[in-house]
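Trainee: I'm passing along work.txt; it holds compact mmCIF, C-alpha atoms.
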```txt
# COMPACT_ATOMS: atom_id res chain seq x y z
CA MET A 1 21.73 -38.02 13.71
CA SER A 2 23.58 -35.24 15.56
CA GLY A 3 27.02 -36.67 14.94
CA MET A 4 26.10 -39.99 16.54
CA ALA A 5 27.16 -42.95 14.46
CA ASN A 6 24.30 -45.09 13.25
CA THR A 7 24.94 -48.58 14.65
CA LEU A 8 23.51 -52.06 14.22
CA PRO A 9 24.06 -55.36 16.03
CA ILE A 10 25.79 -58.13 14.08
CA GLU A 11 26.94 -61.66 14.83
CA ILE A 12 30.03 -62.99 13.14
CA THR A 13 32.30 -65.97 13.72
CA VAL A 14 35.93 -64.91 13.60
CA ASN A 15 38.59 -67.62 13.59
CA GLY A 16 36.09 -70.07 15.06
CA ARG A 17 34.92 -67.76 17.85
CA ARG A 18 31.38 -66.36 17.80
CA ARG A 19 31.21 -62.63 18.39
CA ALA A 20 28.14 -60.45 18.95
CA LEU A 21 28.99 -56.81 18.27
CA ARG A 22 27.35 -53.47 17.71
CA VAL A 23 29.04 -51.80 14.75
CA ALA A 24 28.77 -48.46 13.02
CA VAL A 25 27.03 -49.07 9.69
CA HIS A 26 29.65 -47.08 7.78
CA HIS A 27 32.57 -49.04 9.25
CA THR A 28 34.14 -51.66 7.03
CA LEU A 29 34.85 -55.22 8.03
CA LEU A 30 38.52 -54.14 8.10
CA ASP A 31 37.72 -51.34 10.60
CA VAL A 32 35.85 -53.74 12.86
CA LEU A 33 38.49 -56.49 12.74
CA ARG A 34 41.28 -54.08 13.56
CA ASP A 35 39.66 -51.50 15.84
CA ASP A 36 36.81 -53.34 17.56
CA LEU A 37 38.28 -56.86 17.73
CA ARG A 38 41.95 -55.77 17.90
CA LEU A 39 42.87 -58.31 15.22
CA THR A 40 45.56 -56.12 13.69
CA GLY A 41 47.15 -58.85 11.58
CA THR A 42 44.87 -57.76 8.74
CA LYS A 43 46.45 -54.63 7.28
CA GLU A 44 44.95 -51.37 6.08
CA CYS A 45 46.74 -50.06 3.03
CA CYS A 46 45.28 -48.80 -0.27
CA LEU A 47 41.58 -48.78 0.76
CA VAL A 48 40.49 -49.11 -2.88
CA GLY A 49 40.72 -52.88 -3.36
CA GLU A 50 43.97 -52.91 -5.29
CA CYS A 51 46.71 -54.03 -2.89
CA GLY A 52 45.14 -57.01 -1.09
CA ALA A 53 46.77 -56.23 2.28
CA CYS A 54 43.34 -56.43 3.94
CA THR A 55 42.49 -59.86 2.45
CA VAL A 56 40.43 -62.13 4.72
CA MET A 57 38.20 -65.12 4.06
CA VAL A 58 34.45 -64.59 4.37
CA ASP A 59 32.38 -67.78 4.15
CA GLY A 60 35.27 -69.56 2.47
CA ARG A 61 36.12 -66.90 -0.11
CA ILE A 62 38.80 -64.25 -0.02
CA VAL A 63 37.66 -60.64 -0.15
CA ASP A 64 39.21 -57.23 0.35
CA SER A 65 37.88 -56.36 3.81
CA CYS A 66 38.30 -52.64 3.03
CA LEU A 67 35.54 -52.95 0.40
CA MET A 68 32.97 -54.64 2.61
CA LEU A 69 30.88 -53.03 5.33
CA ALA A 70 30.94 -54.89 8.64
CA VAL A 71 27.12 -55.05 8.56
CA GLU A 72 27.36 -56.97 5.28
CA ALA A 73 29.27 -59.69 7.14
CA ASP A 74 26.40 -60.29 9.58
CA GLY A 75 26.11 -64.07 10.02
CA ALA A 76 29.35 -64.81 8.19
CA GLU A 77 32.31 -66.98 9.13
CA ILE A 78 35.53 -65.05 8.89
CA LEU A 79 39.08 -66.33 8.84
CA THR A 80 41.92 -63.86 9.36
CA VAL A 81 45.65 -64.43 9.39
CA GLU A 82 45.45 -64.89 13.18
CA GLY A 83 43.39 -68.04 12.50
CA LEU A 84 45.97 -69.83 10.33
CA ALA A 85 48.21 -71.08 13.16
CA GLU A 86 46.90 -73.93 15.27
CA ASN A 87 47.80 -74.46 18.94
CA GLY A 88 50.60 -71.95 18.65
CA ARG A 89 52.16 -73.72 15.66
CA LEU A 90 52.48 -71.93 12.33
CA SER A 91 50.64 -73.52 9.44
CA PRO A 92 52.86 -75.22 6.81
CA LEU A 93 52.16 -72.27 4.52
CA GLN A 94 53.27 -69.73 7.12
CA GLN A 95 56.41 -71.77 7.84
CA ALA A 96 57.13 -71.93 4.10
CA PHE A 97 56.94 -68.11 3.87
CA LEU A 98 59.64 -67.92 6.56
CA ASP A 99 61.76 -70.70 5.08
CA LYS A 100 61.70 -69.23 1.56
CA GLY A 101 62.38 -65.63 2.63
CA ALA A 102 58.97 -64.53 1.35
CA VAL A 103 58.70 -61.90 4.08
CA GLN A 104 60.75 -58.72 3.82
CA CYS A 105 58.94 -55.76 5.39
CA GLY A 106 56.01 -58.07 6.13
CA PHE A 107 53.20 -55.61 5.56
CA CYS A 108 51.63 -57.49 2.65
CA THR A 109 52.29 -60.90 4.23
CA PRO A 110 48.93 -61.43 5.98
CA GLY A 111 47.08 -60.73 2.73
CA GLN A 112 49.49 -62.89 0.71
CA LEU A 113 49.00 -65.72 3.23
CA MET A 114 45.21 -65.49 3.07
CA ALA A 115 45.18 -65.43 -0.74
CA SER A 116 47.63 -68.36 -0.85
CA HIS A 117 45.62 -70.26 1.74
CA ALA A 118 42.43 -69.84 -0.32
CA LEU A 119 44.24 -70.83 -3.50
CA LEU A 120 45.60 -74.03 -1.94
CA GLU A 121 42.20 -74.92 -0.46
CA ALA A 122 40.63 -74.69 -3.92
CA ASN A 123 43.60 -76.15 -5.80
CA PRO A 124 46.07 -78.15 -3.68
CA ASN A 125 48.52 -78.51 -6.54
CA PRO A 126 48.61 -75.17 -8.35
CA SER A 127 50.81 -74.40 -11.34
CA LEU A 128 52.95 -71.28 -11.50
CA ASP A 129 50.22 -69.64 -13.63
CA ASP A 130 47.56 -70.61 -11.09
CA ILE A 131 49.62 -69.00 -8.31
CA GLN A 132 50.23 -65.82 -10.28
CA GLU A 133 46.52 -65.54 -11.05
CA GLY A 134 45.51 -66.44 -7.48
CA LEU A 135 47.84 -63.83 -6.01
CA ALA A 136 47.33 -61.15 -8.68
CA GLY A 137 45.28 -59.13 -6.20
CA ASN A 138 48.12 -58.89 -3.69
CA LEU A 139 50.89 -56.36 -4.17
CA CYS A 140 54.30 -56.64 -2.50
CA ARG A 141 56.20 -53.36 -2.29
CA CYS A 142 59.43 -55.22 -1.51
CA GLY A 143 59.12 -57.30 -4.65
CA CYS A 144 59.21 -60.70 -2.95
CA TYR A 145 57.03 -62.24 -5.65
CA VAL A 146 59.52 -64.98 -6.56
CA GLN A 147 59.97 -66.01 -2.92
CA ILE A 148 56.21 -65.89 -2.26
CA THR A 149 55.57 -68.07 -5.31
CA ASP A 150 58.33 -70.46 -4.17
CA ALA A 151 56.76 -70.70 -0.72
CA VAL A 152 53.33 -71.58 -2.15
CA LEU A 153 54.84 -74.10 -4.58
CA SER A 154 56.86 -75.73 -1.79
CA VAL A 155 53.74 -76.35 0.27
CA ALA A 156 51.91 -77.70 -2.76
CA GLU A 157 54.80 -80.01 -3.63
CA GLY A 158 55.51 -80.84 0.01
CA GLY A 159 52.14 -82.53 0.34
CA HIS A 160 51.31 -80.88 3.66
CA ARG A 161 47.75 -80.48 2.49
CA MET B 162 33.30 -42.35 5.48
CA GLN B 163 30.15 -40.38 6.23
CA THR B 164 27.45 -42.36 7.98
CA PHE B 165 24.10 -43.30 6.44
CA VAL B 166 21.04 -45.39 7.16
CA TYR B 167 21.68 -49.02 6.20
CA GLU B 168 18.72 -50.96 4.88
CA ARG B 169 18.75 -54.66 4.10
CA PRO B 170 15.44 -55.57 2.44
CA ALA B 171 14.53 -59.27 2.25
CA THR B 172 12.12 -58.93 -0.67
CA LEU B 173 12.03 -57.15 -4.00
CA ALA B 174 8.84 -55.30 -2.99
CA GLU B 175 10.59 -53.87 0.09
CA ALA B 176 13.55 -52.78 -2.00
CA VAL B 177 11.34 -51.03 -4.56
CA ALA B 178 9.39 -49.31 -1.76
CA LEU B 179 12.65 -48.09 -0.20
CA LEU B 180 13.89 -46.76 -3.54
CA ASP B 181 10.55 -45.09 -4.15
CA ALA B 182 10.57 -43.49 -0.69
CA HIS B 183 14.14 -42.20 -0.75
CA GLY B 184 14.67 -41.38 -4.42
CA PRO B 185 18.08 -40.00 -5.31
CA ASN B 186 19.07 -39.96 -1.62
CA ALA B 187 19.38 -43.77 -1.75
CA ARG B 188 22.10 -45.87 -3.34
CA LEU B 189 21.93 -49.61 -3.98
CA LEU B 190 24.74 -51.72 -2.56
CA ALA B 191 25.53 -55.02 -4.26
CA GLY B 192 29.18 -56.17 -4.22
CA GLY B 193 30.38 -52.77 -3.07
CA THR B 194 33.60 -52.84 -5.08
CA ASP B 195 32.66 -49.50 -6.66
CA LEU B 196 30.24 -48.00 -4.12
CA ILE B 197 32.38 -48.45 -0.98
CA ILE B 198 35.26 -46.62 -2.70
CA ARG B 199 32.90 -43.76 -3.60
CA LEU B 200 31.41 -43.64 -0.10
CA ARG B 201 34.91 -43.39 1.32
CA ASP B 202 36.18 -40.70 -1.05
CA GLY B 203 32.96 -38.72 -0.66
CA SER B 204 32.00 -38.77 -4.35
CA ALA B 205 28.79 -40.55 -3.29
CA ARG B 206 27.00 -39.25 -0.17
CA PRO B 207 23.70 -41.12 0.04
CA GLY B 208 21.52 -40.76 3.12
CA VAL B 209 20.37 -44.36 2.70
CA VAL B 210 22.32 -47.40 1.49
CA ILE B 211 20.11 -50.29 0.39
CA ASP B 212 21.95 -53.63 0.50
CA VAL B 213 20.31 -55.86 -2.13
CA LYS B 214 22.32 -59.04 -1.46
CA ARG B 215 19.71 -60.71 0.75
CA ILE B 216 16.74 -60.17 -1.55
CA ALA B 217 15.42 -63.63 -2.34
CA GLU B 218 14.44 -62.71 -5.92
CA LEU B 219 17.99 -61.59 -6.74
CA HIS B 220 19.52 -64.79 -5.37
CA PRO B 221 22.55 -65.72 -7.42
CA ALA B 222 21.41 -69.05 -8.81
CA ILE B 223 22.44 -69.24 -12.44
CA ARG B 224 19.87 -71.42 -14.19
CA GLU B 225 18.94 -72.62 -17.66
CA ASP B 226 15.27 -73.10 -18.58
CA ASP B 227 13.76 -73.44 -22.06
CA GLY B 228 16.80 -72.09 -23.87
CA ILE B 229 17.23 -69.06 -21.61
CA VAL B 230 20.03 -68.69 -19.09
CA THR B 231 19.07 -66.44 -16.18
CA ILE B 232 21.73 -64.86 -13.99
CA GLY B 233 20.51 -63.21 -10.77
CA ALA B 234 21.62 -59.60 -10.39
CA THR B 235 23.70 -60.38 -7.31
CA ALA B 236 25.58 -63.30 -8.90
CA VAL B 237 29.27 -62.59 -8.36
CA VAL B 238 31.51 -62.66 -11.39
CA ALA B 239 33.61 -65.51 -9.91
CA ASP B 240 30.49 -67.69 -10.02
CA ILE B 241 29.64 -66.56 -13.55
CA ALA B 242 33.17 -67.46 -14.72
CA ALA B 243 32.77 -70.93 -13.18
CA SER B 244 29.13 -71.51 -14.18
CA GLU B 245 28.56 -74.57 -16.30
CA PRO B 246 25.70 -73.14 -18.44
CA VAL B 247 27.62 -69.87 -18.96
CA ARG B 248 30.78 -71.69 -20.02
CA ARG B 249 28.82 -73.96 -22.34
CA HIS B 250 26.66 -71.35 -24.09
CA PHE B 251 28.35 -68.00 -23.47
CA GLU B 252 32.09 -68.64 -23.41
CA ALA B 253 32.94 -64.97 -24.04
CA LEU B 254 30.98 -63.94 -20.94
CA ALA B 255 32.91 -66.55 -18.95
CA ASP B 256 36.16 -65.13 -20.43
CA ALA B 257 35.14 -61.62 -19.38
CA ALA B 258 34.02 -62.60 -15.88
CA ALA B 259 37.33 -64.38 -15.32
CA VAL B 260 39.40 -61.22 -15.88
CA VAL B 261 37.48 -58.73 -13.74
CA GLY B 262 39.90 -57.34 -11.13
CA SER B 263 41.49 -59.92 -8.84
CA VAL B 264 40.15 -63.04 -7.09
CA GLN B 265 39.15 -60.84 -4.14
CA ILE B 266 37.20 -58.49 -6.42
CA ARG B 267 35.63 -61.33 -8.43
CA ASN B 268 34.35 -62.87 -5.19
CA ARG B 269 32.37 -59.68 -4.45
CA ALA B 270 31.65 -57.86 -7.70
CA THR B 271 28.20 -58.66 -9.10
CA ILE B 272 26.96 -58.65 -12.67
CA GLY B 273 24.14 -56.29 -11.67
CA GLY B 274 26.65 -53.86 -10.19
CA ASN B 275 28.91 -54.15 -13.22
CA ILE B 276 26.18 -53.09 -15.65
CA CYS B 277 24.46 -50.54 -13.37
CA ASN B 278 27.75 -48.79 -12.65
CA ALA B 279 27.79 -48.50 -16.46
CA SER B 280 31.51 -47.89 -16.72
CA PRO B 281 32.54 -47.71 -20.39
CA ALA B 282 35.22 -50.24 -19.38
CA ALA B 283 32.77 -52.69 -17.74
CA ASP B 284 34.16 -56.12 -18.55
CA THR B 285 30.87 -57.97 -18.83
CA ALA B 286 29.23 -55.35 -21.09
CA PRO B 287 30.68 -56.31 -24.51
CA SER B 288 29.77 -59.99 -24.23
CA LEU B 289 26.28 -59.19 -22.91
CA LEU B 290 25.83 -56.91 -25.95
CA VAL B 291 27.09 -59.55 -28.38
CA TYR B 292 24.81 -62.21 -26.89
CA GLY B 293 21.81 -59.85 -26.91
CA ALA B 294 21.21 -60.09 -23.17
CA VAL B 295 18.04 -58.69 -21.64
CA VAL B 296 18.00 -56.81 -18.34
CA VAL B 297 15.05 -57.66 -16.10
CA ALA B 298 14.21 -54.59 -14.02
CA ALA B 299 11.63 -54.21 -11.27
CA GLY B 300 10.01 -50.96 -10.17
CA PRO B 301 6.80 -49.57 -8.69
CA LYS B 302 4.91 -50.38 -11.91
CA GLY B 303 6.11 -53.96 -12.06
CA THR B 304 8.75 -55.77 -14.05
CA ARG B 305 10.04 -54.86 -17.51
CA ARG B 306 12.67 -56.28 -19.83
CA ILE B 307 15.26 -53.95 -21.35
CA PRO B 308 17.51 -55.12 -24.23
CA ILE B 309 21.05 -54.48 -22.98
CA ASP B 310 21.81 -52.28 -26.02
CA ASP B 311 19.04 -49.93 -24.77
CA PHE B 312 20.35 -50.03 -21.19
CA PHE B 313 23.69 -48.19 -21.29
CA VAL B 314 23.66 -44.41 -21.74
CA ARG B 315 27.04 -43.19 -20.51
CA SER B 316 29.39 -43.71 -17.57
CA GLY B 317 27.23 -44.13 -14.46
CA VAL B 318 23.96 -43.59 -16.36
CA THR B 319 21.52 -46.24 -17.55
CA THR B 320 17.91 -46.18 -18.73
CA LEU B 321 16.74 -47.59 -15.38
CA GLY B 322 14.07 -45.44 -13.77
CA PRO B 323 14.82 -43.78 -10.42
CA SER B 324 12.88 -46.42 -8.45
CA GLU B 325 13.93 -49.41 -10.54
CA LEU B 326 16.51 -52.06 -9.81
CA VAL B 327 17.97 -54.91 -11.82
CA VAL B 328 16.63 -58.32 -10.82
CA ALA B 329 18.38 -60.54 -13.35
CA ILE B 330 20.03 -60.82 -16.72
CA GLU B 331 18.47 -63.19 -19.25
CA ILE B 332 20.37 -64.49 -22.26
CA LEU B 333 18.82 -66.54 -25.02
CA VAL B 334 20.94 -69.56 -25.95
CA PRO B 335 21.97 -68.89 -29.58
CA ALA B 336 19.92 -70.90 -32.08
CA ARG B 337 22.88 -71.08 -34.46
CA SER B 338 26.28 -72.57 -33.72
CA THR B 339 28.37 -69.61 -32.50
CA GLY B 340 31.98 -69.08 -31.50
CA ALA B 341 32.74 -66.07 -29.31
CA VAL B 342 35.65 -64.60 -27.40
CA HIS B 343 36.31 -61.65 -25.09
CA MET B 344 39.64 -59.81 -25.08
CA ARG B 345 41.00 -56.78 -23.26
CA ARG B 346 44.10 -54.65 -22.94
CA THR B 347 45.11 -53.56 -19.47
CA ARG B 348 48.22 -52.11 -17.87
CA ARG B 349 48.42 -54.66 -15.07
CA ARG B 350 46.58 -57.94 -14.69
CA GLY B 351 44.67 -58.34 -11.48
CA HIS B 352 44.07 -54.68 -10.74
CA ASP B 353 43.56 -52.27 -13.53
CA LEU B 354 40.42 -51.43 -15.42
CA ALA B 355 40.62 -52.27 -19.10
CA SER B 356 42.08 -49.74 -21.56
CA VAL B 357 40.17 -51.48 -24.36
CA THR B 358 37.63 -54.31 -24.21
CA LEU B 359 36.28 -56.21 -27.19
CA CYS B 360 33.99 -59.17 -27.68
CA CYS B 361 33.49 -60.92 -31.01
CA SER B 362 31.08 -63.65 -32.05
CA VAL B 363 30.91 -65.45 -35.37
CA ASP B 364 28.04 -67.78 -36.25
CA ASP B 365 27.78 -70.53 -38.84
CA THR B 366 26.01 -68.22 -41.33
CA GLY B 367 29.00 -65.84 -41.31
CA VAL B 368 27.43 -63.07 -39.23
CA THR B 369 30.05 -61.36 -37.06
CA ARG B 370 29.07 -59.29 -34.04
CA LEU B 371 31.54 -57.01 -32.30
CA ALA B 372 31.08 -55.05 -29.10
CA TYR B 373 33.78 -52.83 -27.72
CA GLY B 374 34.23 -50.64 -24.68
CA SER B 375 36.50 -48.20 -22.91
CA VAL B 376 36.77 -46.17 -26.13
CA GLY B 377 33.79 -43.86 -25.65
CA PRO B 378 30.98 -42.95 -23.26
CA ARG B 379 29.35 -46.36 -23.52
CA PRO B 380 30.11 -49.80 -24.98
CA VAL B 381 29.10 -50.14 -28.64
CA LEU B 382 27.59 -53.09 -30.55
CA VAL B 383 28.07 -53.46 -34.33
CA THR B 384 27.32 -56.27 -36.77
CA ASP B 385 28.88 -57.39 -40.06
CA GLU B 386 26.51 -59.43 -42.19
CA THR B 387 28.65 -59.44 -45.35
CA GLY B 388 30.45 -62.59 -44.21
CA VAL B 389 33.82 -61.01 -44.99
CA LEU B 390 35.11 -60.93 -41.40
CA ALA B 391 34.01 -64.50 -40.79
CA ASP B 392 35.83 -65.70 -43.92
CA PRO B 393 39.40 -66.76 -43.03
CA ASP B 394 40.36 -66.41 -46.73
CA ALA B 395 39.05 -62.86 -47.23
CA PRO B 396 41.81 -60.35 -48.05
CA ASP B 397 43.10 -58.17 -45.21
CA GLU B 398 42.19 -54.96 -47.10
CA ALA B 399 38.55 -56.03 -47.31
CA LYS B 400 38.51 -56.81 -43.59
CA ALA B 401 40.23 -53.54 -42.71
CA ALA B 402 37.54 -51.56 -44.54
CA ILE B 403 34.83 -53.34 -42.56
CA PHE B 404 36.66 -52.79 -39.27
CA GLU B 405 36.92 -49.06 -40.08
CA ARG B 406 33.15 -48.88 -40.44
CA MET B 407 32.56 -50.96 -37.30
CA PHE B 408 34.93 -48.89 -35.17
CA ALA B 409 33.60 -45.54 -36.43
CA GLU B 410 31.82 -44.87 -33.13
CA ALA B 411 34.99 -45.19 -31.05
CA SER B 412 35.88 -41.84 -29.49
CA PRO B 413 38.28 -42.42 -26.61
CA SER B 414 38.72 -39.69 -24.02
CA LYS B 415 41.86 -37.55 -24.25
CA ARG B 416 41.84 -37.12 -20.48
CA SER B 417 41.94 -40.75 -19.32
CA MET B 418 45.16 -41.63 -17.53
CA ARG B 419 44.97 -45.32 -18.43
CA ALA B 420 45.78 -44.94 -22.13
CA GLY B 421 45.85 -42.27 -24.82
CA PRO B 422 43.26 -42.21 -27.60
CA GLU B 423 45.80 -43.18 -30.30
CA TYR B 424 46.81 -46.28 -28.37
CA ARG B 425 43.23 -47.30 -27.72
CA LEU B 426 42.20 -46.90 -31.36
CA ALA B 427 45.25 -48.84 -32.54
CA MET B 428 44.59 -51.63 -30.03
CA LEU B 429 40.94 -51.81 -31.04
CA ARG B 430 42.05 -52.91 -34.50
CA VAL B 431 44.59 -55.36 -33.10
CA LEU B 432 42.03 -56.89 -30.75
CA GLY B 433 39.43 -56.94 -33.54
CA ASN B 434 41.67 -59.01 -35.77
CA ARG B 435 42.73 -61.35 -32.98
CA ALA B 436 39.21 -61.78 -31.67
CA VAL B 437 37.74 -62.60 -35.08
CA ARG B 438 40.38 -65.28 -35.60
CA ALA B 439 39.83 -66.70 -32.10
CA ALA B 440 36.03 -66.69 -32.51
CA ILE B 441 36.32 -68.53 -35.84
CA GLY B 442 38.61 -71.03 -34.10
CA ARG B 443 36.02 -71.64 -31.39
CA LEU B 444 33.22 -71.96 -33.96
CA GLU B 445 35.26 -74.51 -35.91
CA ALA B 446 36.09 -76.44 -32.73
CA LYS B 447 32.34 -76.69 -31.98
CA GLY B 448 31.69 -77.90 -35.53
CA ARG B 449 34.25 -80.66 -34.99
CA VAL B 450 32.62 -81.71 -31.72
CA GLU B 451 29.14 -81.72 -33.28
CA ALA B 452 30.25 -83.49 -36.47
```
Could I get this file's structure written as structure tokens?
Mentor:
Amino acid sequence: MSGMANTLPIEITVNGRRRALRVAVHHTLLDVLRDDLRLTGTKECCLVGECGACTVMVDGRIVDSCLMLAVEADGAEILTVEGLAENGRLSPLQQAFLDKGAVQCGFCTPGQLMASHALLEANPNPSLDDIQEGLAGNLCRCGCYVQITDAVLSVAEGGHR
Amino acid sequence: MQTFVYERPATLAEAVALLDAHGPNARLLAGGTDLIIRLRDGSARPGVVIDVKRIAELHPAIREDDGIVTIGATAVVADIAASEPVRRHFEALADAAAVVGSVQIRNRATIGGNICNASPAADTAPSLLVYGAVVVAAGPKGTRRIPIDDFFVRSGVTTLGPSELVVAIEILVPARSTGAVHMRRTRRRGHDLASVTLCCSVDDTGVTRLAYGSVGPRPVLVTDETGVLADPDAPDEAKAAIFERMFAEASPSKRSMRAGPEYRLAMLRVLGNRAVRAAIGRLEAKGRVEA
């Protein structure tokens, strides 16, 4: 292979937009989102599937994009944090994160938002236990867990969904 | 990550042919929650990665026919935890599937990957052992069925042949009324591998089956047919003696960073007691429903 990366064509839909790309087979979905598509909202952090900073939705389910090859996403619909706002307006969940002070350094926030978004889609009125289980795969170095939980609860109770 | 040739067979025959052609230079990719980490850290350097997720025969439809529940190898553990036939017949497997990693991991990790990775801490292993699951494997010579107790050898090693892959897991619906539960100890929910796993089933004839993992090179299945464990009124000393015999094969590693051997052995006994009580509770609850 003489140092040349082995590549394959894939088609994915990212935040509603269809993209045809040629990707290196050993690049993860995270690599392709950040480096090829310049969607840097999704964060690279632990790279072993523990921190959840790279969480995105693939075909309606959250996954750690660091543990998925981009070629595995061929044909998939992907939602990243950049796709949560509509027409330049933050989603109610994003606004709640700001209102409740759930963002300190902000590095885990995109992953927390995606996990919360998926939780609320599946369960619009989650209990505290449901939220803790739904967000167990997302670490926050700043320790904003109480504020993050408050933000998710406020959207659930606020009836925005 | 070092590059490789990526193959995505559409049929079982293609996958077997690829495995046969590439031998140990190929690795199977299912959910990737173990393999991608190993590809990145260089502990696995395959020339060929064979993605099995689009093989029709491994399609993750969980189905029940003639008293057998079949789970496709690429069924993700989130779907197993939510599956109606699994929850109805194999509640301990549903328990176990629900505590694998985090939501993100459960949405990717497959049951085939969980057993083929053969970690001593594999969450689905103890319940599959207790329920007497059968692994359906396909290879160049056709399909064979391997009782799960004959499948695990040690961490990362199974009795699968070099050109074989797991197609499905089959579990016979128990003929007798059975209560079963899966329990684990872990340092942090949502991330950590288990320090101890244990599954217990009790049936209406008083047979108790225990399977435990993360305390030796492979998960272990043991049975008590004396009826003592299943008897809520049996004295604790009598139960303790039976537990000692059942846990005799536990030999936790001294080198694991997750928990020391003393802790694991102590917790095995705690989980054993709790799980037997919980399994009896579930058996009794079923009796009430059926009565």
Trainee: Hey, can you check how far atom CA of B:Arg435 sits from atom CA of B:Glu331?
Mentor: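 Separation between atom CA of B:Arg435 and atom CA of B:Glu331: 27.9 Å.
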Trainee: Atom CA of B:Leu444 to atom CA of B:Arg267: how many Å, to one decimal?
Mentor: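 Interatomic distance, atom CA of B:Leu444 to atom CA of B:Arg267: 27.8 Å.
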Trainee: Each residue of stretch 323-437 of chain B with at least one atom at most 10 Å from stretch 276-279 of chain B should appear once, together with its nearest atom pair and the corresponding distance in Å (one decimal); atoms considered: all atoms listed in the file; ordering: chain, then increasing residue number; output as JSON lines.
Mentor:
```
{"residue": "B:Leu326", "atom": "CA", "partner": "B:Cys277", "partner_atom": "CA", "distance": 8.8}
{"residue": "B:Val327", "atom": "CA", "partner": "B:Cys277", "partner_atom": "CA", "distance": 8.0}
{"residue": "B:Ile330", "atom": "CA", "partner": "B:Ile276", "partner_atom": "CA", "distance": 9.9}
{"residue": "B:Pro378", "atom": "CA", "partner": "B:Ala279", "partner_atom": "CA", "distance": 9.3}
{"residue": "B:Arg379", "atom": "CA", "partner": "B:Ala279", "partner_atom": "CA", "distance": 7.5}
{"residue": "B:Pro380", "atom": "CA", "partner": "B:Ala279", "partner_atom": "CA", "distance": 8.9}
```
Trainee: Restrict the selected residues to C-alpha atoms and save them as an mmCIF file, in the coordinates of the input.
Mentor:
```cif
data_model
loop_
_atom_site.group_PDB
_atom_site.id
_atom_site.type_symbol
_atom_site.label_atom_id
_atom_site.label_comp_id
_atom_site.auth_asym_id
_atom_site.auth_seq_id
_atom_site.Cartn_x
_atom_site.Cartn_y
_atom_site.Cartn_z
ATOM 1 C CA LEU B 326 16.510 -52.060 -9.810
ATOM 2 C CA VAL B 327 17.970 -54.910 -11.820
ATOM 3 C CA ILE B 330 20.030 -60.820 -16.720
ATOM 4 C CA PRO B 378 30.980 -42.950 -23.260
ATOM 5 C CA ARG B 379 29.350 -46.360 -23.520
ATOM 6 C CA PRO B 380 30.110 -49.800 -24.980
#
```
Trainee: Set the distance at 8 Å and use only C-alpha atoms: which residues neighbour B:Ile223 once local chain neighbours fewer than 2 positions away are removed? I'd like the list as number ranges by chain.
Mentor: B: 221, 225, 230-233, 236, 241, 244, 246
Trainee: I need the residue nearest B:Leu289 from this list: B:Arg315, B:Arg306, B:His343, B:Arg337. Use only C-alpha atoms for the distance.
Mentor: B:His343
Trainee: One number please: atom CA of B:Glu325 to atom CA of B:Asp181, in Å, one decimal.
Mentor: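 Result for atom CA of B:Glu325 versus atom CA of B:Asp181: 8.4 Å, one decimal.
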Trainee: Between A:Ala76, A:Leu128, A:Val155, A:Cys144, which one has atoms that come closest to A:Gln94, using only C-alpha atoms?
Mentor: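 Nearest to A:Gln94: A:Val155.
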Trainee: Set the distance at 10 Å and use all atoms listed in the file: which residues neighbour A:Leu120 once local chain neighbours fewer than 3 positions away are removed? I'd like the list as a ChimeraX atom specification.
Mentor: /A:93,114-117,123-126,130-131,134,152-153,155-156,161
Trainee: With only C-alpha atoms counted, which protein, DNA or RNA residues have an atom no more than 12 Å from (36.5, -68.2, -45.8) in the file frame? Please answer as number ranges by chain.
Mentor: B: 365-367, 387-396, 400, 438, 441, 445
Trainee: Report as a list in words all protein, DNA and RNA residues lying within 10 Å of B:Ala336, evaluated on all atoms listed in the file, omitting residues in the same chain fewer than 3 positions from it.
Mentor: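 Near B:Ala336, the qualifying residues are Gly228, Leu333, Thr339 and Asp364 of chain B.
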Trainee: Find the residue from A:Gln112, A:Gly60, A:Leu84, A:Ser127 that sits nearest to A:Glu157; use all atoms listed in the file when measuring.
Mentor: A:Ser127
Trainee: Using all atoms listed in the file, which residues sit within 10 Å of B:Asn434 once same-chain residues fewer than 2 positions away are excluded, as a PyMOL selection string?
Mentor: chain B and resi 361+390+397+400-401+404+428-432+436-439
Trainee: Starting from the sparse input, extend stretch 116-121 of chain A to N, CA and C atoms and give the output as a PDB file, keeping the file's coordinate frame.
Mentor:
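In the end it all went to selection_3.pdb:
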```pdb
ATOM      1  N   SER A 116      46.983 -67.068  -0.580  1.00  0.00           N
ATOM      2  CA  SER A 116      47.630 -68.360  -0.850  1.00  0.00           C
ATOM      3  C   SER A 116      46.851 -69.507  -0.208  1.00  0.00           C
ATOM      4  N   HIS A 117      46.400 -69.255   1.018  1.00  0.00           N
ATOM      5  CA  HIS A 117      45.620 -70.260   1.740  1.00  0.00           C
ATOM      6  C   HIS A 117      44.363 -70.636   0.953  1.00  0.00           C
ATOM      7  N   ALA A 118      43.663 -69.600   0.460  1.00  0.00           N
ATOM      8  CA  ALA A 118      42.430 -69.840  -0.320  1.00  0.00           C
ATOM      9  C   ALA A 118      42.753 -70.579  -1.608  1.00  0.00           C
ATOM     10  N   LEU A 119      43.843 -70.177  -2.252  1.00  0.00           N
ATOM     11  CA  LEU A 119      44.240 -70.830  -3.500  1.00  0.00           C
ATOM     12  C   LEU A 119      44.488 -72.322  -3.269  1.00  0.00           C
ATOM     13  N   LEU A 120      45.251 -72.633  -2.208  1.00  0.00           N
ATOM     14  CA  LEU A 120      45.600 -74.030  -1.940  1.00  0.00           C
ATOM     15  C   LEU A 120      44.376 -74.849  -1.504  1.00  0.00           C
ATOM     16  N   GLU A 121      43.425 -74.194  -0.829  1.00  0.00           N
ATOM     17  CA  GLU A 121      42.200 -74.920  -0.460  1.00  0.00           C
ATOM     18  C   GLU A 121      41.422 -75.327  -1.718  1.00  0.00           C
TER      19      GLU A 121
END
```
